[in-house]
Amino acid sequence: MLDEKLDWLFKAYRAACPAPEPSANFMPGLWVKIDSQRSQSWIAPLRIWATRVTAVAGLAAALLAGAVGIWRQPYSTQVLEVRYVDVLADDAADEFDGDLWLLVGNSQ
Amino acid sequence: MLVEPETIVRAQAGDVSAFNQVVTAYRSRILGTVFRLIGRPADVEDVTQDVFVRLYYSLDQLRTPEVFEPWLHRLTVNTTYDYLRKRRRSAGVPMADLSEEQVVAADAAESGKRHADDVQQDQVRQVVGALFASISDEDRILLTLKEIEGLSLKELQKVYKVKENALKVRLFRARKRALKALDDLKDQGKI
(Lines give C-alpha, C1' and ligand atoms only; values in the text may rest on other atoms or scores of the structure.)
Protein backbone atom coordinates (compact mmCIF):
# COMPACT_ATOMS: atom_id res chain seq x y z
CA MET A 1 0.00 0.00 0.00
CA LEU A 2 2.69 2.46 1.08
CA ASP A 3 4.91 1.16 -1.74
CA GLU A 4 2.24 2.02 -4.29
CA LYS A 5 1.72 5.43 -2.73
CA LEU A 6 5.46 6.14 -3.00
CA ASP A 7 5.53 5.07 -6.65
CA TRP A 8 2.52 7.25 -7.38
CA LEU A 9 4.14 10.21 -5.62
CA PHE A 10 7.36 9.89 -7.61
CA LYS A 11 5.44 9.66 -10.87
CA ALA A 12 3.27 12.64 -9.98
CA TYR A 13 6.34 14.59 -8.87
CA ARG A 14 7.92 14.23 -12.29
CA ALA A 15 4.75 15.58 -13.88
CA ALA A 16 4.61 18.40 -11.32
CA CYS A 17 8.22 19.43 -12.02
CA PRO A 18 8.65 19.95 -15.75
CA ALA A 19 11.96 21.35 -16.98
CA PRO A 20 11.81 25.13 -16.60
CA GLU A 21 12.59 27.28 -19.62
CA PRO A 22 16.07 28.80 -19.44
CA SER A 23 16.02 32.56 -19.07
CA ALA A 24 17.53 34.86 -21.69
CA ASN A 25 20.38 35.46 -19.27
CA PHE A 26 21.34 31.78 -19.03
CA MET A 27 24.22 31.75 -21.55
CA PRO A 28 25.65 35.21 -20.69
CA GLY A 29 25.44 34.31 -16.99
CA LEU A 30 27.20 31.02 -17.61
CA TRP A 31 30.07 32.73 -19.42
CA VAL A 32 30.40 35.31 -16.65
CA LYS A 33 30.82 32.42 -14.19
CA ILE A 34 33.33 30.64 -16.44
CA ASP A 35 35.36 33.84 -16.90
CA SER A 36 35.31 34.74 -13.21
CA GLN A 37 36.55 31.26 -12.33
CA ARG A 38 39.29 31.59 -14.93
CA SER A 39 40.42 34.94 -13.46
CA GLN A 40 40.49 33.36 -10.02
CA SER A 41 42.50 30.38 -11.22
CA TRP A 42 45.86 32.17 -10.62
CA ILE A 43 44.84 32.83 -7.01
CA ALA A 44 44.51 29.11 -6.23
CA PRO A 45 48.26 28.24 -6.50
CA LEU A 46 49.04 31.41 -4.54
CA ARG A 47 46.64 30.30 -1.81
CA ILE A 48 48.26 26.84 -1.69
CA TRP A 49 51.70 28.45 -1.49
CA ALA A 50 50.56 30.79 1.32
CA THR A 51 49.09 27.86 3.25
CA ARG A 52 52.35 25.94 2.97
CA VAL A 53 54.43 28.92 4.06
CA THR A 54 52.14 29.41 7.08
CA ALA A 55 52.45 25.73 7.98
CA VAL A 56 56.25 25.79 7.71
CA ALA A 57 56.43 29.02 9.74
CA GLY A 58 54.20 27.51 12.42
CA LEU A 59 56.33 24.40 12.58
CA ALA A 60 59.53 26.46 12.77
CA ALA A 61 58.05 28.60 15.56
CA ALA A 62 57.04 25.46 17.48
CA LEU A 63 60.53 23.95 17.07
CA LEU A 64 62.18 27.20 18.11
CA ALA A 65 59.94 27.49 21.16
CA GLY A 66 60.79 23.90 22.08
CA ALA A 67 64.52 24.49 21.64
CA VAL A 68 64.44 27.67 23.75
CA GLY A 69 62.47 25.85 26.41
CA ILE A 70 65.04 23.05 26.60
CA TRP A 71 67.97 25.49 26.65
CA ARG A 72 66.45 27.64 29.40
CA GLN A 73 65.30 24.81 31.61
CA PRO A 74 68.58 24.20 33.65
CA TYR A 75 69.01 27.94 34.21
CA SER A 76 65.50 28.38 35.41
CA THR A 77 65.94 25.43 37.81
CA GLN A 78 69.01 27.05 39.25
CA VAL A 79 67.15 30.26 39.78
CA LEU A 80 64.47 28.36 41.60
CA GLU A 81 67.00 26.54 43.73
CA VAL A 82 68.77 29.70 44.96
CA ARG A 83 66.06 31.50 46.85
CA TYR A 84 66.23 34.66 48.93
CA VAL A 85 65.56 32.66 52.09
CA ASP A 86 68.61 30.51 51.35
CA VAL A 87 70.80 33.59 50.91
CA LEU A 88 69.55 34.98 54.24
CA ALA A 89 70.21 31.63 55.90
CA ASP A 90 73.75 31.59 54.55
CA ASP A 91 74.37 35.11 55.89
CA ALA A 92 72.91 34.12 59.25
CA ALA A 93 75.16 31.08 59.35
CA ASP A 94 78.25 33.29 58.81
CA GLU A 95 77.19 35.53 61.67
CA PHE A 96 76.58 32.51 63.88
CA ASP A 97 80.02 31.14 63.12
CA GLY A 98 81.53 34.44 64.31
CA ASP A 99 79.58 34.35 67.55
CA LEU A 100 80.59 30.79 68.10
CA TRP A 101 84.24 31.75 67.70
CA LEU A 102 83.76 34.50 70.30
CA LEU A 103 82.10 32.07 72.65
CA VAL A 104 84.92 29.60 72.18
CA GLY A 105 87.49 32.36 72.72
CA ASN A 106 85.81 33.46 75.99
CA SER A 107 85.76 29.99 77.39
CA GLN A 108 89.47 29.66 76.87
CA MET B 1 23.22 11.51 -27.52
CA LEU B 2 21.84 14.97 -28.17
CA VAL B 3 25.02 16.11 -29.97
CA GLU B 4 27.46 14.42 -32.30
CA PRO B 5 30.60 12.97 -30.67
CA GLU B 6 32.64 15.27 -32.93
CA THR B 7 31.04 18.31 -31.31
CA ILE B 8 32.20 17.08 -27.91
CA VAL B 9 35.70 16.48 -29.26
CA ARG B 10 35.76 20.02 -30.66
CA ALA B 11 34.52 21.39 -27.32
CA GLN B 12 37.31 19.46 -25.60
CA ALA B 13 39.79 21.12 -27.93
CA GLY B 14 38.58 24.53 -26.76
CA ASP B 15 36.08 25.37 -29.51
CA VAL B 16 33.72 27.86 -27.82
CA SER B 17 30.92 27.47 -30.36
CA ALA B 18 31.03 23.67 -29.95
CA PHE B 19 30.80 24.09 -26.17
CA ASN B 20 27.83 26.44 -26.59
CA GLN B 21 26.20 23.81 -28.82
CA VAL B 22 26.64 21.18 -26.10
CA VAL B 23 25.17 23.49 -23.45
CA THR B 24 22.22 24.42 -25.66
CA ALA B 25 21.50 20.76 -26.39
CA TYR B 26 21.62 19.60 -22.77
CA ARG B 27 20.52 22.58 -20.70
CA SER B 28 16.78 21.77 -20.76
CA ARG B 29 17.45 18.21 -19.62
CA ILE B 30 19.80 19.36 -16.88
CA LEU B 31 17.44 22.16 -15.80
CA GLY B 32 14.70 19.54 -15.37
CA THR B 33 16.91 17.11 -13.48
CA VAL B 34 18.24 19.86 -11.20
CA PHE B 35 14.71 21.14 -10.57
CA ARG B 36 13.52 17.68 -9.51
CA LEU B 37 16.65 17.12 -7.44
CA ILE B 38 16.60 20.38 -5.48
CA GLY B 39 12.91 21.27 -5.67
CA ARG B 40 13.53 25.00 -5.47
CA PRO B 41 12.74 26.89 -8.70
CA ALA B 42 14.62 30.02 -7.64
CA ASP B 43 17.98 28.21 -7.59
CA VAL B 44 17.54 25.87 -10.56
CA GLU B 45 19.21 28.07 -13.17
CA ASP B 46 22.10 28.97 -10.89
CA VAL B 47 22.85 25.32 -10.03
CA THR B 48 22.50 24.31 -13.70
CA GLN B 49 25.01 26.99 -14.68
CA ASP B 50 27.38 25.57 -12.04
CA VAL B 51 27.04 22.14 -13.66
CA PHE B 52 28.13 23.59 -17.01
CA VAL B 53 30.98 25.57 -15.41
CA ARG B 54 32.27 22.26 -14.01
CA LEU B 55 31.77 20.73 -17.43
CA TYR B 56 33.83 23.49 -19.06
CA TYR B 57 36.75 23.05 -16.68
CA SER B 58 36.77 19.26 -16.65
CA LEU B 59 35.94 18.47 -20.26
CA ASP B 60 39.57 17.63 -20.98
CA GLN B 61 39.34 14.77 -18.44
CA LEU B 62 36.67 12.98 -20.50
CA ARG B 63 38.32 10.02 -22.20
CA THR B 64 35.76 9.22 -24.88
CA PRO B 65 32.73 11.20 -26.07
CA GLU B 66 30.63 8.02 -25.85
CA VAL B 67 30.51 8.23 -22.06
CA PHE B 68 29.61 11.92 -22.11
CA GLU B 69 26.01 11.57 -20.87
CA PRO B 70 26.65 9.49 -17.72
CA TRP B 71 29.59 11.76 -17.07
CA LEU B 72 27.37 14.85 -17.32
CA HIS B 73 24.92 13.13 -14.96
CA ARG B 74 27.77 12.57 -12.56
CA LEU B 75 28.69 16.26 -12.69
CA THR B 76 25.02 17.12 -12.10
CA VAL B 77 24.86 14.79 -9.10
CA ASN B 78 28.05 16.22 -7.59
CA THR B 79 26.99 19.85 -8.11
CA THR B 80 23.52 19.20 -6.71
CA TYR B 81 24.95 17.32 -3.76
CA ASP B 82 27.23 20.27 -2.94
CA TYR B 83 24.29 22.66 -3.23
CA LEU B 84 22.02 20.53 -0.98
CA ARG B 85 24.75 20.14 1.62
CA LYS B 86 25.38 23.88 1.66
CA ARG B 87 21.66 24.60 1.90
CA ARG B 88 21.16 22.11 4.71
CA ARG B 89 24.12 23.58 6.60
CA SER B 90 22.96 27.18 6.23
CA ALA B 91 19.33 26.43 7.01
CA GLY B 92 19.86 24.01 9.89
CA VAL B 93 16.20 23.07 9.64
CA PRO B 94 14.26 20.73 7.36
CA MET B 95 14.02 22.16 3.86
CA ALA B 96 10.28 21.95 3.50
CA ASP B 97 7.85 22.94 6.16
CA LEU B 98 4.87 21.05 4.91
CA SER B 99 2.22 22.54 7.15
CA GLU B 100 3.22 26.09 6.25
CA GLU B 101 3.29 25.35 2.55
CA GLN B 102 -0.01 23.53 2.78
CA VAL B 103 -1.53 26.66 4.22
CA VAL B 104 -0.15 28.67 1.31
CA ALA B 105 -1.57 26.14 -1.16
CA ALA B 106 -4.92 26.14 0.59
CA ASP B 107 -5.03 29.93 0.51
CA ALA B 108 -4.27 29.92 -3.19
CA ALA B 109 -7.01 27.38 -3.79
CA GLU B 110 -9.50 29.42 -1.84
CA SER B 111 -8.74 32.62 -3.63
CA GLY B 112 -9.40 30.83 -6.89
CA LYS B 113 -6.21 32.11 -8.48
CA ARG B 114 -5.06 28.68 -9.55
CA HIS B 115 -6.63 25.74 -11.25
CA ALA B 116 -7.31 22.52 -9.38
CA ASP B 117 -4.47 20.77 -11.24
CA ASP B 118 -1.98 23.40 -10.16
CA VAL B 119 -3.05 22.99 -6.55
CA GLN B 120 -2.65 19.21 -6.77
CA GLN B 121 0.80 19.61 -8.33
CA ASP B 122 1.73 22.01 -5.55
CA GLN B 123 0.64 19.47 -2.98
CA VAL B 124 2.66 16.71 -4.66
CA ARG B 125 5.74 18.95 -4.68
CA GLN B 126 5.21 19.75 -1.00
CA VAL B 127 4.76 16.13 0.04
CA VAL B 128 7.81 14.96 -1.94
CA GLY B 129 9.74 17.99 -0.62
CA ALA B 130 8.87 17.00 2.95
CA LEU B 131 9.76 13.40 2.20
CA PHE B 132 13.13 14.37 0.73
CA ALA B 133 13.81 16.65 3.69
CA SER B 134 13.40 13.63 5.97
CA ILE B 135 16.00 11.46 4.21
CA SER B 136 19.68 11.97 3.45
CA ASP B 137 20.88 13.90 0.41
CA GLU B 138 22.49 10.71 -0.91
CA ASP B 139 19.17 8.82 -0.78
CA ARG B 140 17.33 11.78 -2.23
CA ILE B 141 19.63 11.99 -5.26
CA LEU B 142 19.72 8.24 -5.85
CA LEU B 143 15.94 7.88 -5.65
CA THR B 144 15.37 10.92 -7.87
CA LEU B 145 17.67 9.55 -10.56
CA LYS B 146 16.12 6.08 -10.44
CA GLU B 147 12.46 6.65 -9.67
CA ILE B 148 11.83 10.12 -11.09
CA GLU B 149 14.41 10.60 -13.83
CA GLY B 150 13.97 6.98 -14.85
CA LEU B 151 17.64 6.08 -15.23
CA SER B 152 18.28 2.38 -15.72
CA LEU B 153 20.52 0.35 -13.44
CA LYS B 154 23.18 0.29 -16.15
CA GLU B 155 23.10 4.07 -16.47
CA LEU B 156 23.25 4.47 -12.71
CA GLN B 157 26.21 2.12 -12.58
CA LYS B 158 28.08 4.45 -14.92
CA VAL B 159 27.11 7.51 -12.89
CA TYR B 160 28.06 6.03 -9.52
CA LYS B 161 30.87 3.78 -10.78
CA VAL B 162 29.75 0.87 -8.61
CA LYS B 163 28.81 -2.73 -9.31
CA GLU B 164 25.21 -3.70 -9.96
CA ASN B 165 24.76 -5.60 -6.70
CA ALA B 166 26.10 -2.74 -4.59
CA LEU B 167 23.78 -0.36 -6.41
CA LYS B 168 20.78 -2.62 -5.84
CA VAL B 169 21.53 -2.76 -2.13
CA ARG B 170 21.85 1.04 -1.97
CA LEU B 171 18.57 1.46 -3.84
CA PHE B 172 16.78 -1.04 -1.63
CA ARG B 173 17.97 0.70 1.54
CA ALA B 174 17.18 4.18 0.19
CA ARG B 175 13.66 3.11 -0.73
CA LYS B 176 13.18 1.50 2.65
CA ARG B 177 14.17 4.74 4.39
CA ALA B 178 11.88 6.73 2.08
CA LEU B 179 8.98 4.40 2.96
CA LYS B 180 9.72 4.88 6.65
CA ALA B 181 9.77 8.67 6.18
CA LEU B 182 6.49 8.51 4.27
CA ASP B 183 4.95 6.45 7.06
CA ASP B 184 6.13 9.01 9.62
CA LEU B 185 4.63 11.85 7.59
CA LYS B 186 1.38 9.91 7.46
CA ASP B 187 1.43 9.41 11.23
CA GLN B 188 1.97 13.14 11.71
CA GLY B 189 -1.08 13.78 9.54
CA LYS B 190 0.94 15.64 6.93
CA ILE B 191 -0.28 13.51 4.02
# chains A, B, ... in the order shown; residues from 1 in each chain; ligands from 1

$ interface_residues --of "chain A" --to "chain B" --cutoff "10 Å" --atoms "only C-alpha atoms" --output "ChimeraX atom specification"
/A:2-3,5-23,25-27,29-35,37-38

$ write_last_selection --atoms "N, CA and C atoms" --output "short mmCIF file (atom, residue, chain, number, x, y, z; two decimals), in the first residue's frame"
data_model
loop_
_atom_site.label_atom_id
_atom_site.label_comp_id
_atom_site.auth_asym_id
_atom_site.auth_seq_id
_atom_site.Cartn_x
_atom_site.Cartn_y
_atom_site.Cartn_z
N LEU A 2 1.79 1.31 0.98
CA LEU A 2 2.69 2.46 1.08
C LEU A 2 3.66 2.49 -0.12
N ASP A 3 4.04 1.28 -0.57
CA ASP A 3 4.91 1.16 -1.74
C ASP A 3 4.25 1.80 -2.96
N LYS A 5 1.87 3.98 -2.97
CA LYS A 5 1.72 5.43 -2.73
C LYS A 5 3.03 6.15 -3.10
N LEU A 6 4.16 5.54 -2.70
CA LEU A 6 5.46 6.14 -3.00
C LEU A 6 5.69 6.20 -4.51
N ASP A 7 5.37 5.09 -5.19
CA ASP A 7 5.53 5.07 -6.65
C ASP A 7 4.67 6.14 -7.31
N TRP A 8 3.44 6.25 -6.82
CA TRP A 8 2.52 7.25 -7.38
C TRP A 8 3.07 8.67 -7.15
N LEU A 9 3.59 8.89 -5.96
CA LEU A 9 4.14 10.21 -5.62
C LEU A 9 5.30 10.58 -6.54
N PHE A 10 6.20 9.62 -6.75
CA PHE A 10 7.36 9.89 -7.61
C PHE A 10 6.93 10.21 -9.05
N LYS A 11 5.94 9.46 -9.50
CA LYS A 11 5.44 9.66 -10.87
C LYS A 11 4.77 11.04 -10.98
N ALA A 12 3.97 11.35 -9.99
CA ALA A 12 3.27 12.64 -9.98
C ALA A 12 4.25 13.80 -9.84
N TYR A 13 5.33 13.54 -9.09
CA TYR A 13 6.34 14.59 -8.87
C TYR A 13 7.02 14.96 -10.18
N ARG A 14 7.29 13.95 -11.00
CA ARG A 14 7.92 14.23 -12.29
C ARG A 14 7.01 15.11 -13.14
N ALA A 15 5.70 14.79 -13.11
CA ALA A 15 4.75 15.58 -13.88
C ALA A 15 4.61 16.99 -13.30
N ALA A 16 4.78 17.09 -11.98
CA ALA A 16 4.61 18.40 -11.32
C ALA A 16 5.86 19.27 -11.45
N CYS A 17 6.96 18.67 -11.88
CA CYS A 17 8.22 19.43 -12.02
C CYS A 17 8.77 19.34 -13.43
N PRO A 18 8.09 19.98 -14.38
CA PRO A 18 8.65 19.95 -15.75
C PRO A 18 9.90 20.83 -15.83
N ALA A 19 10.73 20.56 -16.84
CA ALA A 19 11.96 21.35 -16.98
C ALA A 19 11.60 22.81 -17.21
N PRO A 20 12.12 23.71 -16.37
CA PRO A 20 11.81 25.13 -16.60
C PRO A 20 12.53 25.66 -17.84
N GLU A 21 11.96 26.67 -18.44
CA GLU A 21 12.59 27.28 -19.62
C GLU A 21 13.81 28.09 -19.15
N PRO A 22 14.92 27.97 -19.84
CA PRO A 22 16.07 28.80 -19.44
C PRO A 22 15.78 30.27 -19.73
N SER A 23 16.26 31.13 -18.85
CA SER A 23 16.02 32.56 -19.07
C SER A 23 16.96 33.07 -20.17
N ASN A 25 19.07 35.16 -19.87
CA ASN A 25 20.38 35.46 -19.27
C ASN A 25 21.20 34.19 -19.00
N PHE A 26 20.66 33.03 -19.40
CA PHE A 26 21.34 31.78 -19.03
C PHE A 26 22.76 31.72 -19.60
N MET A 27 22.89 31.88 -20.93
CA MET A 27 24.22 31.75 -21.55
C MET A 27 25.17 32.88 -21.14
N GLY A 29 25.12 34.58 -18.40
CA GLY A 29 25.44 34.31 -16.99
C GLY A 29 26.44 33.19 -16.83
N LEU A 30 26.28 32.16 -17.65
CA LEU A 30 27.20 31.02 -17.61
C LEU A 30 28.62 31.46 -17.96
N TRP A 31 28.74 32.29 -19.00
CA TRP A 31 30.07 32.73 -19.42
C TRP A 31 30.71 33.68 -18.41
N VAL A 32 29.86 34.44 -17.73
CA VAL A 32 30.40 35.31 -16.65
C VAL A 32 31.02 34.43 -15.57
N LYS A 33 30.31 33.34 -15.22
CA LYS A 33 30.82 32.42 -14.19
C LYS A 33 32.11 31.75 -14.65
N ILE A 34 32.13 31.31 -15.91
CA ILE A 34 33.33 30.64 -16.44
C ILE A 34 34.51 31.60 -16.41
N ASP A 35 34.27 32.86 -16.86
CA ASP A 35 35.36 33.84 -16.90
C ASP A 35 35.84 34.22 -15.51
N GLN A 37 35.77 32.38 -12.87
CA GLN A 37 36.55 31.26 -12.33
C GLN A 37 37.95 31.22 -12.96
N ARG A 38 38.00 31.58 -14.25
CA ARG A 38 39.29 31.59 -14.93
C ARG A 38 40.20 32.66 -14.32
#

$ select_by_dssp --residues "stretch 13-185 of chain B" --states "alpha helix (DSSP H)" --output "count of residues only"
135

$ residues_around --residues "stretch 66-81 of chain B" --least-positions-apart "3" --cutoff "6 Å" --atoms "only C-alpha atoms" --output "list in words"
Val51, Leu84, Lys158 and Val159 of chain B

$ residues_around --residues "B:Asp15" --least-positions-apart "6" --cutoff "12 Å" --atoms "only C-alpha atoms" --output "PyMOL selection string"
chain B and resi 6-9+21-22+56+59

$ decode --residues "stretch 74-89 of chain B" --atoms "N, CA and C atoms" --output "CSV table (one decimal), in the first residue's frame"
chain,number,residue,atom,x,y,z
B,74,ARG,N,26.9,12.6,-13.7
B,74,ARG,CA,27.8,12.6,-12.6
B,74,ARG,C,28.1,14.0,-12.1
B,75,LEU,N,28.4,14.9,-13.0
B,75,LEU,CA,28.7,16.3,-12.7
B,75,LEU,C,27.4,16.9,-12.1
B,76,THR,N,26.3,16.6,-12.6
B,76,THR,CA,25.0,17.1,-12.1
B,76,THR,C,24.8,16.7,-10.7
B,77,VAL,N,25.0,15.4,-10.4
B,77,VAL,CA,24.9,14.8,-9.1
B,77,VAL,C,25.8,15.5,-8.1
B,78,ASN,N,27.1,15.6,-8.5
B,78,ASN,CA,28.1,16.2,-7.6
B,78,ASN,C,27.7,17.7,-7.3
B,79,THR,N,27.3,18.4,-8.3
B,79,THR,CA,27.0,19.8,-8.1
B,79,THR,C,25.8,20.0,-7.2
B,80,THR,N,24.8,19.2,-7.5
B,80,THR,CA,23.5,19.2,-6.7
B,80,THR,C,23.8,18.8,-5.3
B,81,TYR,N,24.6,17.8,-5.1
B,81,TYR,CA,25.0,17.3,-3.8
B,81,TYR,C,25.6,18.4,-3.0
B,82,ASP,N,26.6,19.1,-3.6
B,82,ASP,CA,27.2,20.3,-2.9
B,82,ASP,C,26.2,21.3,-2.6
B,83,TYR,N,25.3,21.6,-3.5
B,83,TYR,CA,24.3,22.7,-3.2
B,83,TYR,C,23.4,22.2,-2.1
B,84,LEU,N,22.9,21.0,-2.1
B,84,LEU,CA,22.0,20.5,-1.0
B,84,LEU,C,22.7,20.6,0.4
B,85,ARG,N,24.0,20.2,0.4
B,85,ARG,CA,24.7,20.1,1.6
B,85,ARG,C,24.9,21.6,2.2
B,86,LYS,N,25.2,22.5,1.3
B,86,LYS,CA,25.4,23.9,1.7
B,86,LYS,C,24.1,24.4,2.2
B,87,ARG,N,23.0,24.1,1.5
B,87,ARG,CA,21.7,24.6,1.9
B,87,ARG,C,21.3,24.0,3.3
B,88,ARG,N,21.5,22.7,3.4
B,88,ARG,CA,21.2,22.1,4.7
B,88,ARG,C,22.0,22.7,5.9
B,89,ARG,N,23.3,23.0,5.6
B,89,ARG,CA,24.1,23.6,6.6
B,89,ARG,C,23.7,25.0,7.0
